[in-house]
Amino acid sequence: LTGTLWDTENGPSFGDELNLVKPGFNSGWVKIQGFAKDQRAGKADPNKDLVSLGGKGIYSDPKFVWTPPIAPTALKFLNSDKMGKQYQNTMFVGDVLTGNLYNFKLNAQRNGLILSGAPESGITNSQGQSAQGGIVLGKGFGLITDIQVSPDGYLYILGYGGTVYKVIPASLNSP
């Protein structure tokens with residue numbers, strides 16, 4: 001909708017990220033994983049001052065961090081209302097560690113996330129379970145390798161073994 005680019009980034013042992021990529025963006029890999037301010041120690045990361053990070057781009061903190069890591073793999077915006085208007089133009093992210101499907105709503109400028117609940121730090125409190133008000137939309141997908149929107153307007157999840165899941169509203173599953 002706005003031409004902005006979002007990506008996921010995996011940390012080695014913590015700090016998997018959801019990033020908004022702007023021209024000149026540098027996520028700090030491998031010097032910084034997660035937020036530059038070390039959330040666990042409560043002190044500033046000295047690498048944050050290394051804005052040059054090797055002279056390549058400008059460091060930007062992620063918009064969301066998973067800790068411990070979940071290995072996010074796929075990111076897709078749903079450009080249809082087939083799952084309900086509340087999901088239209090929202091972001092879906094899959095992972096390979098927990099097999100969860102996450103849903104994020106974006107602000108009006110589409111350059112930040114709307115996270116309900118506290119804390120508003122954009123950091124999860126455990127694998128796949130968010131302190132921000134239930135971003136996990138679905139579970140049990142196994143190792144998610146891709147997410148696509150089909151011409152029928154529904155979200156499709158591809159698992160590592162070749163399994164394809166069609167995500168439909170619960171109301172369509174009811175007798």
# chains A, B, ... in the order shown; residues from 1 in each chain; ligands from 1
call {"tool": "residues_around", "arguments": {"residues": "Asn26 in chain A", "least_positions_apart": "5", "cutoff": "6 Å", "atoms": "only C-alpha atoms", "output": "PyMOL selection string"}}
result
chain A and resi 57-59
call {"tool": "write_last_selection", "arguments": {"atoms": "N, CA and C atoms", "output": "PDB file, in the first residue's frame"}}
result
ATOM      1  N   GLY A  57      25.417   2.039   5.751  1.00  0.00           N
ATOM      2  CA  GLY A  57      24.059   2.359   6.145  1.00  0.00           C
ATOM      3  C   GLY A  57      23.932   2.946   7.533  1.00  0.00           C
ATOM      4  N   ILE A  58      22.681   3.104   7.953  1.00  0.00           N
ATOM      5  CA  ILE A  58      22.344   3.696   9.236  1.00  0.00           C
ATOM      6  C   ILE A  58      21.601   2.661  10.064  1.00  0.00           C
ATOM      7  N   TYR A  59      22.067   2.445  11.292  1.00  0.00           N
ATOM      8  CA  TYR A  59      21.435   1.460  12.164  1.00  0.00           C
ATOM      9  C   TYR A  59      20.016   1.894  12.529  1.00  0.00           C
TER      10      TYR A  59
END
call {"tool": "residues_around", "arguments": {"residues": "Thr98 in chain A", "least_positions_apart": "6", "cutoff": "10 Å", "atoms": "only C-alpha atoms", "output": "list of chain:residue names"}}
result
A:Pro69, A:Ile70, A:Ala71, A:Pro72, A:Gln127, A:Gly128, A:Lys139, A:Gly140, A:Phe141, A:Gly142, A:Leu143, A:Ile144
call {"tool": "residues_around", "arguments": {"residues": "Asn79 in chain A", "least_positions_apart": "5", "cutoff": "9 Å", "atoms": "only C-alpha atoms", "output": "MDAnalysis selection string"}}
result
chainID A and resid 87:90 149 153
call {"tool": "residues_around", "arguments": {"residues": "Asn111 in chain A", "least_positions_apart": "4", "cutoff": "9 Å", "atoms": "only C-alpha atoms", "output": "mmCIF file with N, CA and C atoms, in the first residue's frame"}}
result
data_model
loop_
_atom_site.group_PDB
_atom_site.id
_atom_site.type_symbol
_atom_site.label_atom_id
_atom_site.label_comp_id
_atom_site.auth_asym_id
_atom_site.auth_seq_id
_atom_site.Cartn_x
_atom_site.Cartn_y
_atom_site.Cartn_z
ATOM 1 N N THR A 4 6.556 0.479 1.337
ATOM 2 C CA THR A 4 7.590 0.222 2.331
ATOM 3 C C THR A 4 7.911 -1.262 2.366
ATOM 4 N N LEU A 20 11.485 -2.718 9.681
ATOM 5 C CA LEU A 20 11.047 -1.829 8.617
ATOM 6 C C LEU A 20 12.320 -1.379 7.910
ATOM 7 N N LYS A 63 11.268 -3.298 14.798
ATOM 8 C CA LYS A 63 9.935 -2.912 15.262
ATOM 9 C C LYS A 63 9.379 -3.941 16.240
ATOM 10 N N LEU A 106 -0.793 -2.747 11.513
ATOM 11 C CA LEU A 106 0.113 -1.621 11.344
ATOM 12 C C LEU A 106 -0.590 -0.304 11.641
ATOM 13 N N ASN A 107 0.191 0.718 12.003
ATOM 14 C CA ASN A 107 -0.380 2.041 12.259
ATOM 15 C C ASN A 107 -0.835 2.663 10.939
#
call {"tool": "atom_distance", "arguments": {"atom1": "CA of Leu5 in chain A", "atom2": "CA of Lys22 in chain A"}}
result
7.2 Å
call {"tool": "atom_distance", "arguments": {"atom1": "CA of Val65 in chain A", "atom2": "CA of Leu18 in chain A"}}
result
6.4 Å
call {"tool": "closest_residue", "arguments": {"among": "A:Ile135, A:Phe25, A:Gly3, A:Val96", "to": "Leu113 in chain A", "atoms": "only C-alpha atoms"}}
result
A:Ile135
call {"tool": "atom_distance", "arguments": {"atom1": "CA of Ile147 in chain A", "atom2": "CA of Met91 in chain A"}}
result
10.7 Å
call {"tool": "closest_residue", "arguments": {"among": "A:Leu137, A:Thr145, A:Pro151, A:Phe104", "to": "Val164 in chain A", "atoms": "only C-alpha atoms"}}
result
A:Thr145
